[in-house]
Every structure is written in C-alpha cells, then in structure tokens.
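Q: The structure's right below; bear with me while I get my questions together.
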Amino acid sequence: MVIPPPVRPPRIINYLKPYVLKMHFTNKFVNAQVVHSPTATVACSASSQEKLLRPSMESTRDVAAAAKIGKILGERLLLKGIPAVSVFLKREQKYHGKVKAVIDSMRDAGVKLL
C-alpha cells in the first residue's frame, strides 16, 4: 500500500517550488541559470555572452557584470512567474565577490531565495 504525501496549503507550495540557481564563471564571461529539478530543464538563464547585453557592459567578467546578470535573471524569473529560487553553490564557490553580486542583485530584483 502506498501512502500519499501530505497535502500542503497552497501558500506554502508557492515558495517550495523546486527551482535551483546555478552559476558558472569563466575568465571571460558570467553565466547564471535557474533549473527546474524534477524535469531537469532550464527555466530561465542570463549570460554576459548575450549580444544584446555586451554593448551596455564595460567588462563581461567582473563583479559589476555579475550584478547586472543577477538583476536581469531576477526580472526574467518574475516575468515567468517564479517567485522563489533555492541556491546551489559548488564546493569552491563561497558567498563572496561575483557569487554575492549575483545573489544580492536577484534579491533586490524581488526574487525570494531559499
């Protein structure tokens, strides 16, 4: 006999969506994407490699570029109706520098971080 999972109120379910923020930094570019874990699909992404963003940035790899990518990703998430995201940091990533810039600018854009 299979026991069904407990039914949660809808207001809690809105904030427990399985979206995960993943970031990748190279020597030239900053990439950030939000992945929907159960289906393993990319829900939204932003990168400093995008042709429309390059002219508006001085550098595509510094902390200012990371902050701009976080702000753009946060706005795109809100347009898609994703209010909350959990953060996945790799072992070598610490909450400092570019990582902090992306996360803080997403928070300033209005996305809740779990």
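Simple scheme: letters A, B, ... for chains in structure tokens order, numbers from 1 for residues in each chain, numbers from 1 for ligands in the order shown.
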Please provide the set of residues having any atom within 12 Å of Gly97 of chain A, restricted to only C-alpha atoms, with same-chain residues fewer than 2 positions apart removed, written as a list in words.
A: Phe25, Arg61, Asp62, Val63, Ala64, Ala65, Ala66, Ala67, Gln93, Lys94, Tyr95, Val99, Lys100, Ala101, Val102, Ile103 and Asp104 of chain A
Q: Would you export the selected residues with all heavy atoms as a compact mmCIF listing (two decimals), in the first residue's frame, please?
A:
# COMPACT_ATOMS: atom_id res chain seq x y z
N PHE A 25 31.28 30.75 -13.73
CA PHE A 25 32.13 31.89 -14.03
C PHE A 25 33.37 31.42 -14.78
O PHE A 25 34.02 30.48 -14.35
CB PHE A 25 32.57 32.59 -12.73
CG PHE A 25 31.41 33.00 -11.86
CD1 PHE A 25 31.05 32.25 -10.76
CD2 PHE A 25 30.68 34.13 -12.16
CE1 PHE A 25 29.99 32.62 -9.97
CE2 PHE A 25 29.61 34.52 -11.38
CZ PHE A 25 29.26 33.76 -10.28
N ARG A 61 33.18 40.22 -17.32
CA ARG A 61 33.64 39.22 -16.36
C ARG A 61 33.83 39.71 -14.94
O ARG A 61 34.20 38.94 -14.08
CB ARG A 61 34.95 38.63 -16.85
CG ARG A 61 36.06 39.64 -16.98
CD ARG A 61 37.29 39.00 -17.55
NE ARG A 61 38.35 39.99 -17.69
CZ ARG A 61 39.51 39.73 -18.23
NH1 ARG A 61 39.76 38.53 -18.67
NH2 ARG A 61 40.42 40.66 -18.33
N ASP A 62 33.59 40.97 -14.65
CA ASP A 62 33.85 41.48 -13.31
C ASP A 62 32.60 41.43 -12.43
O ASP A 62 31.56 40.90 -12.81
CB ASP A 62 34.44 42.89 -13.36
CG ASP A 62 33.51 43.87 -14.05
OD1 ASP A 62 32.50 43.43 -14.61
OD2 ASP A 62 33.80 45.08 -14.02
N VAL A 63 32.72 41.98 -11.22
CA VAL A 63 31.63 41.95 -10.25
C VAL A 63 30.44 42.77 -10.74
O VAL A 63 29.28 42.39 -10.52
CB VAL A 63 32.13 42.46 -8.88
CG1 VAL A 63 31.00 42.52 -7.88
CG2 VAL A 63 33.23 41.56 -8.36
N ALA A 64 30.68 43.88 -11.43
CA ALA A 64 29.58 44.69 -11.96
C ALA A 64 28.78 43.92 -13.00
O ALA A 64 27.55 44.00 -13.04
CB ALA A 64 30.13 45.98 -12.56
N ALA A 65 29.47 43.15 -13.84
CA ALA A 65 28.77 42.31 -14.83
C ALA A 65 27.95 41.24 -14.13
O ALA A 65 26.83 40.93 -14.54
CB ALA A 65 29.77 41.68 -15.79
N ALA A 66 28.49 40.65 -13.06
CA ALA A 66 27.76 39.63 -12.31
C ALA A 66 26.50 40.22 -11.68
O ALA A 66 25.44 39.60 -11.68
CB ALA A 66 28.66 39.02 -11.24
N ALA A 67 26.60 41.45 -11.17
CA ALA A 67 25.43 42.10 -10.58
C ALA A 67 24.37 42.37 -11.64
O ALA A 67 23.17 42.18 -11.40
CB ALA A 67 25.84 43.40 -9.90
N GLN A 93 32.78 27.49 -4.52
CA GLN A 93 32.11 28.79 -4.53
C GLN A 93 31.75 29.20 -3.11
O GLN A 93 31.12 28.45 -2.38
CB GLN A 93 30.84 28.73 -5.38
CG GLN A 93 31.10 28.64 -6.86
CD GLN A 93 29.82 28.59 -7.66
OE1 GLN A 93 28.78 28.18 -7.16
NE2 GLN A 93 29.89 28.99 -8.91
N LYS A 94 32.18 30.38 -2.75
CA LYS A 94 31.84 30.94 -1.45
C LYS A 94 30.99 32.19 -1.68
O LYS A 94 31.02 32.77 -2.75
CB LYS A 94 33.11 31.29 -0.68
CG LYS A 94 33.91 30.06 -0.32
CD LYS A 94 35.09 30.41 0.53
CE LYS A 94 35.84 29.21 1.04
NZ LYS A 94 36.02 28.13 0.13
N TYR A 95 30.24 32.59 -0.66
CA TYR A 95 29.38 33.76 -0.77
C TYR A 95 30.24 35.01 -0.69
O TYR A 95 30.35 35.67 0.35
CB TYR A 95 28.33 33.73 0.34
CG TYR A 95 27.30 34.83 0.25
CD1 TYR A 95 26.34 34.81 -0.74
CD2 TYR A 95 27.32 35.88 1.16
CE1 TYR A 95 25.41 35.82 -0.82
CE2 TYR A 95 26.39 36.88 1.09
CZ TYR A 95 25.44 36.85 0.09
OH TYR A 95 24.51 37.85 0.01
N VAL A 99 29.76 35.76 -6.84
CA VAL A 99 28.62 34.96 -6.34
C VAL A 99 27.70 35.84 -5.51
O VAL A 99 26.48 35.83 -5.67
CB VAL A 99 29.13 33.76 -5.52
CG1 VAL A 99 27.98 33.01 -4.90
CG2 VAL A 99 29.97 32.84 -6.38
N LYS A 100 28.28 36.64 -4.63
CA LYS A 100 27.48 37.54 -3.79
C LYS A 100 26.77 38.59 -4.64
O LYS A 100 25.61 38.92 -4.38
CB LYS A 100 28.38 38.23 -2.78
CG LYS A 100 27.63 39.12 -1.83
CD LYS A 100 28.54 39.75 -0.82
CE LYS A 100 27.68 40.57 0.12
NZ LYS A 100 28.36 41.63 0.75
N ALA A 101 27.43 39.08 -5.69
CA ALA A 101 26.83 40.09 -6.55
C ALA A 101 25.60 39.54 -7.26
O ALA A 101 24.56 40.20 -7.34
CB ALA A 101 27.85 40.59 -7.56
N VAL A 102 25.69 38.32 -7.78
CA VAL A 102 24.54 37.71 -8.48
C VAL A 102 23.39 37.50 -7.50
O VAL A 102 22.24 37.87 -7.79
CB VAL A 102 24.95 36.37 -9.14
CG1 VAL A 102 23.74 35.64 -9.67
CG2 VAL A 102 25.95 36.60 -10.26
N ILE A 103 23.68 36.92 -6.35
CA ILE A 103 22.61 36.59 -5.39
C ILE A 103 21.96 37.87 -4.84
O ILE A 103 20.73 37.96 -4.76
CB ILE A 103 23.18 35.71 -4.26
CG1 ILE A 103 23.55 34.34 -4.84
CG2 ILE A 103 22.19 35.56 -3.13
CD1 ILE A 103 24.28 33.44 -3.88
N ASP A 104 22.75 38.86 -4.48
CA ASP A 104 22.19 40.09 -3.92
C ASP A 104 21.36 40.86 -4.94
O ASP A 104 20.31 41.41 -4.60
CB ASP A 104 23.30 40.99 -3.37
CG ASP A 104 23.88 40.45 -2.08
OD1 ASP A 104 23.27 39.54 -1.49
OD2 ASP A 104 24.95 40.94 -1.68
Q: List the neighbours of segment 38-54 of chain A out to 10 Å using only C-alpha atoms; skip same-chain residues closer than 4 positions along the sequence, and give me the result as a PyMOL selection string.
A: chain A and resi 18-25+28-34+58-61+65-66+68-74+76-77+80+82
Q: Would you mind writing down, as a ChimeraX atom specification, each residue of chain A that DSSP on the backbone assigns to helix (DSSP H, G or I)?
A: /A:10-13,54-56,63-80,98-109
Q: So the first atom is atom CA of Pro83 of chain A and the second is atom CA of Lys112 of chain A; what is the distance between them in Å, to one decimal place?
A: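 Between atom CA of Pro83 of chain A and atom CA of Lys112 of chain A the gap is 6.2 Å.
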Q: Please identify which residues in chain A DSSP calls strand (DSSP E or B) from the backbone, and express them as a list in words.
A: Tyr19, Val20, Leu21, Lys22, Met23, His24, Phe25, Val30, Asn31, Ala32, Gln33, Val34, Val35, His36, Thr41, Val42, Ala43, Cys44, Ser45, Ala46, Ser47, Ala84, Val85, Ser86, Val87, Lys112 and Leu113 of chain A
Q: Atom CA of Thr26 of chain A to atom CA of Arg91 of chain A: how many Å, to one decimal?
A: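 Interatomic distance here is 16.0 Å.
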